[in-house]
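> Just dropping this structure here.
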Amino acid sequence: MAEGTETESRKLLKRLREEMASEAAGQERLDRITHLIADSMRCEVCSIYLFRDEETLELCATEGLAPEAVHQTRMRMGEGLVGRVAKYGQVINTPDAPSAKGFRYMPETGEERFSSFLGVPVQRLGEKLGVLVVQSRNAREFSADEVYALEVVAMVLAEMAELGAFIGEGAALSPLHQQSVVLTGGPAQEGSAEGHVWLHEPRVVVTNPIADDPHRELERLNEAVEELRIGVDKMLEISQGGDKEQLQVLEAYRMFANSKGWMRRMEEDIARGLSAEAAVEKEQSQARARMSQVTDPYLRERLADLDDLSNRLLRILTGQTNKAGLELPADPILVARNIGPGDLLEYGRSLKGIVLEEGSVGSHATIVARALAIPLVVHTQRITTEALNGDHILVDGDQGVVHLRPEENVVGAFRDKMAMQAEAQERYASIREKPAVTLDGHKIDLVMNAGLMADLPSLPSSGAEGVGLFRTELQFLIRNKMPKRSELVAQYERVLDAAKGKRVVFRTLDIGSDKVLPYMKHVAEPNPALGWRAIRVGLDKRGVMRMQLQALLRAAKGRPLTIMFPFVAQAEEFREARAEIEKTIAREKRLGHVLPETLEVGAMLETPSLAFAPQKFFEEVDFISVGGNDLKQFFFAADRENELVRRRYDTLNVSFLTFIERIVERCSVSNTPLSFCGEDAGRPIEALCLAAMGIRCLSMRPASIGPVKSLLRRSDLQEIRKIISDVRHRGEQSVRPAVMEWLRDNG
């Protein structure tokens, strides 16, 4: 880069900084900036296009195009050259714009006079803000130095927008982080919550994008990168001899931290006049833009590593620690891109709600959120860029909707909904001690799902008759090393103590698929949900299974014990697992340990194959629990993590209910106790239909027991059964409309 060009670039940035410090209103400031850029780059035209909404760009300021086109010319994402720059986040540089692919002629702007076109995206950390364009009459391709200079300017514009530099009378932009925003995600844990935002990783705001002294900024960058490298090396030292995957991630960190290309690009940005912080953020923004275009999971992970490393570097440069000077609000709603179960458990029940930009309905965080009964919404795009610490926020976990900085009328309606829910819970409290007996005399056992000691206090208050599923894997997932047998014994003993004699069904370790232990070698599989998981892992790693079985037997201390094996696909797997229990009992007996008073051993039916096992299997097993979440996904071949397909398949589909009926019939032949466990067991209408098909035990989250019991006690299963039969006879797909009509007619 020539010294003269470098000087011109820095001159332009200094003039931009003067504009930032001026008293000019938003529109006036934007107009001046387009003039400065056109003048500096010796172009006839400079235009700034900004997003009015997610799909629409608007010409907000121009030097050289028709002034009357400002705030009148608009285009959709991907439309015209400007729209293509915005959509793909890539530079377009052409000497002959009218003949370039995607060109759109806009007569109101008068731009047909200009041949050359250079457009660069204005973006910040993956958030698309707009497009910066320069044009000239002469047919020429802009040089690499000119492209680079315009990218640096676009970076500063993005920071100025973040700092509110374009807001004021006749403003080109609405104030950032002040407007009311409604964001839609996926419901992962039901419930409603009102509170204030607590960012798990607060945004690092760069307040000084332009610097006077490049040499000092280079020194600051080098000092920060050195501190970063030392920190990564220390992490590597601590992790030596530990998990190989964790080491690989840290090695990738070290590779990026020592990358000459990464450093060179940041050094060039600083030479152009950016501060060290702005140079880091420019690289980070481009990495996030590339990440959004990459489909290869390995490359996405590496770009995510670079993103995380950039965050660490920014915190070193700015001195902004994760929670510097901030106190957790009294009603915190946690907002994060993603979060692990360990971090979430540290927050515990202090959280009123959780909103994740990523996450999934089957992730570790979701399991913990359900255990703690905290409303959770996942896949909420843009939440981490829209939200600021302390923002007022409403979380609707039933619908998967988030209201950020809501209007008063929305707050009023939301509070009314929460009051109605609270009133309903009070009504349910009046039937807490009463059995769930239907009008036609059928008793349905309602039990609860649990996974943490924190769940157990809900047992008496919910009206549950016991614990139908205790997820033992959470104690393995929240640690960075394998728990000791003595720790498991103490944990299971506390669970049985808290249950006060009520039956607890302990499900053995259910890992694999989306539940990966940080200290166990991860096996890359093309489809983990159909891969090495649950009982398959246990039978291949007998040592881990034996340790858990020993812990359960010892924790019982002579009390009744119930054990259930997950994801049994064929009878032989259950027989092998049961044989392991027999061996463990024999060994415990030889050692003189007290054995359980009684022992029940059951299986989870989560694959259609087990429903067609030989009848002898149904005679051998002590009980069966239908794992509704997995069974439904395999029955319909619809991934429950995939929003495109999972909502298409209704539990009240005639085929699925007929399949459940077939399982009930097979269990009836051998008098094998049968329960249904999963989200649908806790949905009143679904629970009613499952009971009508013959299910006599339902396992759900504690908060669902009241609503389900209330509906069952007011319903006649024979009538529901007849409705289902009539719908099936008519050849309709779902019984839901007919059942809903019956419920409405009967109040």
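Going through the structure tokens in order, the chains are called A, B, and so on, while each chain numbers its residues from 1 and the ligands are numbered from 1 in the order shown.
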Where in stretch 87-136 of chain A does DSSP assign strand (DSSP E or B), given as a PyMOL selection string?
chain A and resi 92-94+116-124+127-136
> Mind checking which residues fall within 8 Å of stretch 425-442 of chain A, counting only C-alpha atoms, ignoring those fewer than 4 positions away in the same chain, and posting them as a PyMOL selection string?
chain A and resi 421+446+461-463+706-707+709-710+712-718
> Using only C-alpha atoms, which residues of stretch 373-414 of chain A come within 10 Å of stretch 335-340 of chain A, and what is the closest atom pair for each, with the distance in Å to one decimal? Give it as CSV, sorted by chain and residue number.

```
residue,atom,partner,partner_atom,distance
A:Val377,CA,A:Val335,CA,9.9
A:Val378,CA,A:Asn338,CA,8.9
A:His379,CA,A:Arg337,CA,9.0
A:Thr380,CA,A:Arg337,CA,8.8
A:Gln381,CA,A:Arg337,CA,9.0
A:Arg382,CA,A:Arg337,CA,9.1
A:Ile383,CA,A:Val335,CA,7.3
A:Thr384,CA,A:Ala336,CA,6.2
A:Thr385,CA,A:Arg337,CA,9.7
A:Ala387,CA,A:Val335,CA,7.9
A:Leu388,CA,A:Val335,CA,9.3
A:Asn389,CA,A:Val335,CA,9.0
```
> Considering only alpha helix (DSSP H) as DSSP defines it on the backbone, what residues of stretch 465-710 of chain A qualify? List them as a VMD selection string.
chain A and resid 474 to 477 485 to 499 535 to 540 542 to 556 571 to 590 608 to 611 615 to 620 628 to 636 654 to 669 684 to 692 705 to 710
> A:Asp213: which residues within 9 Å, counting only C-alpha atoms, same-chain residues fewer than 5 positions away excluded, as a list of chain:residue names?
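These residues fall inside the cut-off: A:Leu218, A:Gly273, A:Ser275.
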> In Å, rounded to a single decimal, give me how far atom CA of A:Val505 is from atom CA of A:Gly558.
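These two atoms are separated by 15.9 Å.
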> For each of A:Arg494, A:Val669, A:Leu345, A:Arg10, take the minimum atom-to-atom distance to A:Gln615, counting only C-alpha atoms, then give the residue where this is smallest.
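Counting only C-alpha atoms, the residue closest to A:Gln615 is A:Val669.
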> From the list A:Arg587, A:Glu357, A:Gly451, A:Val489, which residue is nearest A:Lys557 when using only C-alpha atoms?
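Of the candidates, the smallest distance to A:Lys557 is held by A:Val489.
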> Rounded to one decimal, what separation in Å do you get between atom CA of A:Gln135 and atom CA of A:Val82?
11.9 Å
> Could you please determine the separation between atom CA of A:Tyr148 and atom CA of A:Arg17 in Å, to one decimal place?
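So the answer is 18.6 Å.
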> Considering only C-alpha atoms, return as a ChimeraX atom specification whatever protein or nucleic-acid residues lie within 9 Å of A:Leu459, sequence-local ones (same chain, fewer than 3 positions apart) excluded.
/A:447-448,455-456,462-467,498-499,702
> Can I get the selected residues back with C-alpha atoms, as a compact mmCIF listing (two decimals), in the first residue's frame?

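Just written: again-v3.txt:
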```
# COMPACT_ATOMS: atom_id res chain seq x y z
CA VAL A 447 -46.27 -39.07 37.88
CA MET A 448 -43.52 -36.52 37.24
CA ASP A 455 -37.01 -31.10 41.07
CA LEU A 456 -37.88 -33.19 44.10
CA SER A 462 -47.59 -30.92 42.27
CA GLY A 463 -49.85 -33.77 43.33
CA ALA A 464 -47.63 -36.32 41.52
CA GLU A 465 -47.92 -39.91 42.74
CA GLY A 466 -44.22 -40.57 42.18
CA VAL A 467 -41.36 -40.01 39.74
CA ALA A 498 -36.76 -36.81 49.10
CA ALA A 499 -39.38 -39.08 47.47
CA PRO A 702 -44.64 -31.21 37.60
```
> Pick the closest to A:Val131 from A:Asn208, A:Ser670, A:Thr184, A:Ser47: which is it, counting only C-alpha atoms?
A:Ser47
> Using only C-alpha atoms, which residue out of A:Asn449, A:Asn653, A:Thr318, A:Gln491 lies closest to A:Arg736?
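So, comparing all the options, the nearest one is A:Asn653.
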> Near A:Arg507, within 10 Å and counting only C-alpha atoms, which residues show up once chain neighbours fewer than 5 positions away are dropped, as a short mmCIF file (atom, residue, chain, number, x, y, z; two decimals) with N, CA and C atoms, in the first residue's frame?

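What ended up in part_13.cif:
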```cif
data_model
loop_
_atom_site.label_atom_id
_atom_site.label_comp_id
_atom_site.auth_asym_id
_atom_site.auth_seq_id
_atom_site.Cartn_x
_atom_site.Cartn_y
_atom_site.Cartn_z
N GLY A 451 -34.78 -34.71 37.08
CA GLY A 451 -33.39 -34.95 36.68
C GLY A 451 -32.40 -34.30 37.63
N GLY A 468 -41.90 -40.79 37.51
CA GLY A 468 -41.97 -41.77 36.42
C GLY A 468 -40.70 -41.84 35.61
N LEU A 469 -39.85 -40.81 35.74
CA LEU A 469 -38.58 -40.78 35.00
C LEU A 469 -37.61 -39.87 35.74
N PHE A 470 -36.54 -40.45 36.27
CA PHE A 470 -35.46 -39.64 36.82
C PHE A 470 -34.27 -39.77 35.87
N ARG A 471 -33.89 -38.65 35.23
CA ARG A 471 -32.82 -38.66 34.22
C ARG A 471 -31.46 -38.64 34.92
N THR A 472 -30.77 -39.76 34.93
CA THR A 472 -29.50 -39.83 35.67
C THR A 472 -28.35 -39.18 34.91
N GLU A 473 -28.51 -38.91 33.60
CA GLU A 473 -27.37 -38.39 32.84
C GLU A 473 -26.98 -36.97 33.19
N ALA A 534 -27.47 -44.15 24.37
CA ALA A 534 -28.28 -44.80 25.43
C ALA A 534 -27.80 -46.21 25.73
N THR A 562 -36.45 -49.14 41.40
CA THR A 562 -36.96 -49.32 40.04
C THR A 562 -35.95 -48.75 39.05
N ILE A 563 -35.52 -49.59 38.12
CA ILE A 563 -34.52 -49.21 37.12
C ILE A 563 -35.11 -49.39 35.73
N MET A 564 -34.82 -48.43 34.83
CA MET A 564 -35.33 -48.50 33.46
C MET A 564 -34.19 -48.26 32.47
N PHE A 565 -34.12 -49.10 31.43
CA PHE A 565 -33.09 -48.95 30.39
C PHE A 565 -33.67 -48.17 29.21
N PRO A 566 -32.93 -47.15 28.73
CA PRO A 566 -33.45 -46.32 27.64
C PRO A 566 -33.12 -46.86 26.25
N VAL A 601 -37.38 -53.96 36.91
CA VAL A 601 -36.50 -53.58 35.80
C VAL A 601 -37.36 -53.43 34.54
N GLY A 602 -37.36 -52.23 33.98
CA GLY A 602 -38.20 -51.95 32.82
C GLY A 602 -37.42 -51.45 31.62
N ALA A 603 -38.15 -51.20 30.54
CA ALA A 603 -37.53 -50.71 29.29
C ALA A 603 -38.32 -49.54 28.75
N MET A 604 -37.62 -48.61 28.11
CA MET A 604 -38.29 -47.52 27.40
C MET A 604 -38.53 -47.95 25.97
#
```
> Could you pull the residues within 6 Å of A:Ser136, counting only C-alpha atoms, minus those fewer than 6 positions along the same chain, as a PyMOL selection string?
chain A and resi 43-44+114+116
> Write the residues of the selection above to a file with N, CA and C atoms, as a tab-separated table (two decimals), in the first residue's frame.

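So the final result, stored in out08.tsv, reads:
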```tsv
chain	number	residue	atom	x	y	z
A	43	CYS	N	-14.70	10.33	-6.46
A	43	CYS	CA	-15.82	9.74	-7.19
A	43	CYS	C	-16.95	10.77	-7.28
A	44	GLU	N	-17.75	10.64	-8.32
A	44	GLU	CA	-18.90	11.56	-8.45
A	44	GLU	C	-20.04	11.18	-7.51
A	114	PHE	N	-23.60	6.82	-14.57
A	114	PHE	CA	-22.37	6.36	-13.92
A	114	PHE	C	-22.10	4.90	-14.25
A	116	SER	N	-18.91	2.97	-13.43
A	116	SER	CA	-18.21	2.15	-12.43
A	116	SER	C	-19.03	2.05	-11.14
```
> Nearest to A:Phe659 among A:Thr508, A:Gln284, A:Ser609, A:Thr207, with distances taken over only C-alpha atoms: which residue is it?
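With only C-alpha atoms as the atom set, the closest residue is A:Ser609.
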> What's around A:Arg575 at 10 Å? Count only C-alpha atoms, leave out sequence neighbours fewer than 6 positions away in its own chain, and write the answer as a list in words.
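Those residues are Ile581, Phe617, Glu620 and Val621 of chain A.
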> Using N, CA and C atoms, can you export the residues from the last selection as a short mmCIF file (atom, residue, chain, number, x, y, z; two decimals), in the first residue's frame?

```
data_model
loop_
_atom_site.label_atom_id
_atom_site.label_comp_id
_atom_site.auth_asym_id
_atom_site.auth_seq_id
_atom_site.Cartn_x
_atom_site.Cartn_y
_atom_site.Cartn_z
N ILE A 581 -27.47 -56.58 35.53
CA ILE A 581 -28.03 -56.31 36.87
C ILE A 581 -27.88 -57.55 37.74
N PHE A 617 -40.90 -61.19 25.33
CA PHE A 617 -40.27 -59.98 25.88
C PHE A 617 -41.23 -59.25 26.81
N GLU A 620 -41.24 -60.90 30.07
CA GLU A 620 -39.99 -60.81 30.84
C GLU A 620 -39.82 -59.46 31.52
N VAL A 621 -40.26 -58.41 30.85
CA VAL A 621 -40.01 -57.06 31.35
C VAL A 621 -41.01 -56.74 32.48
#
```
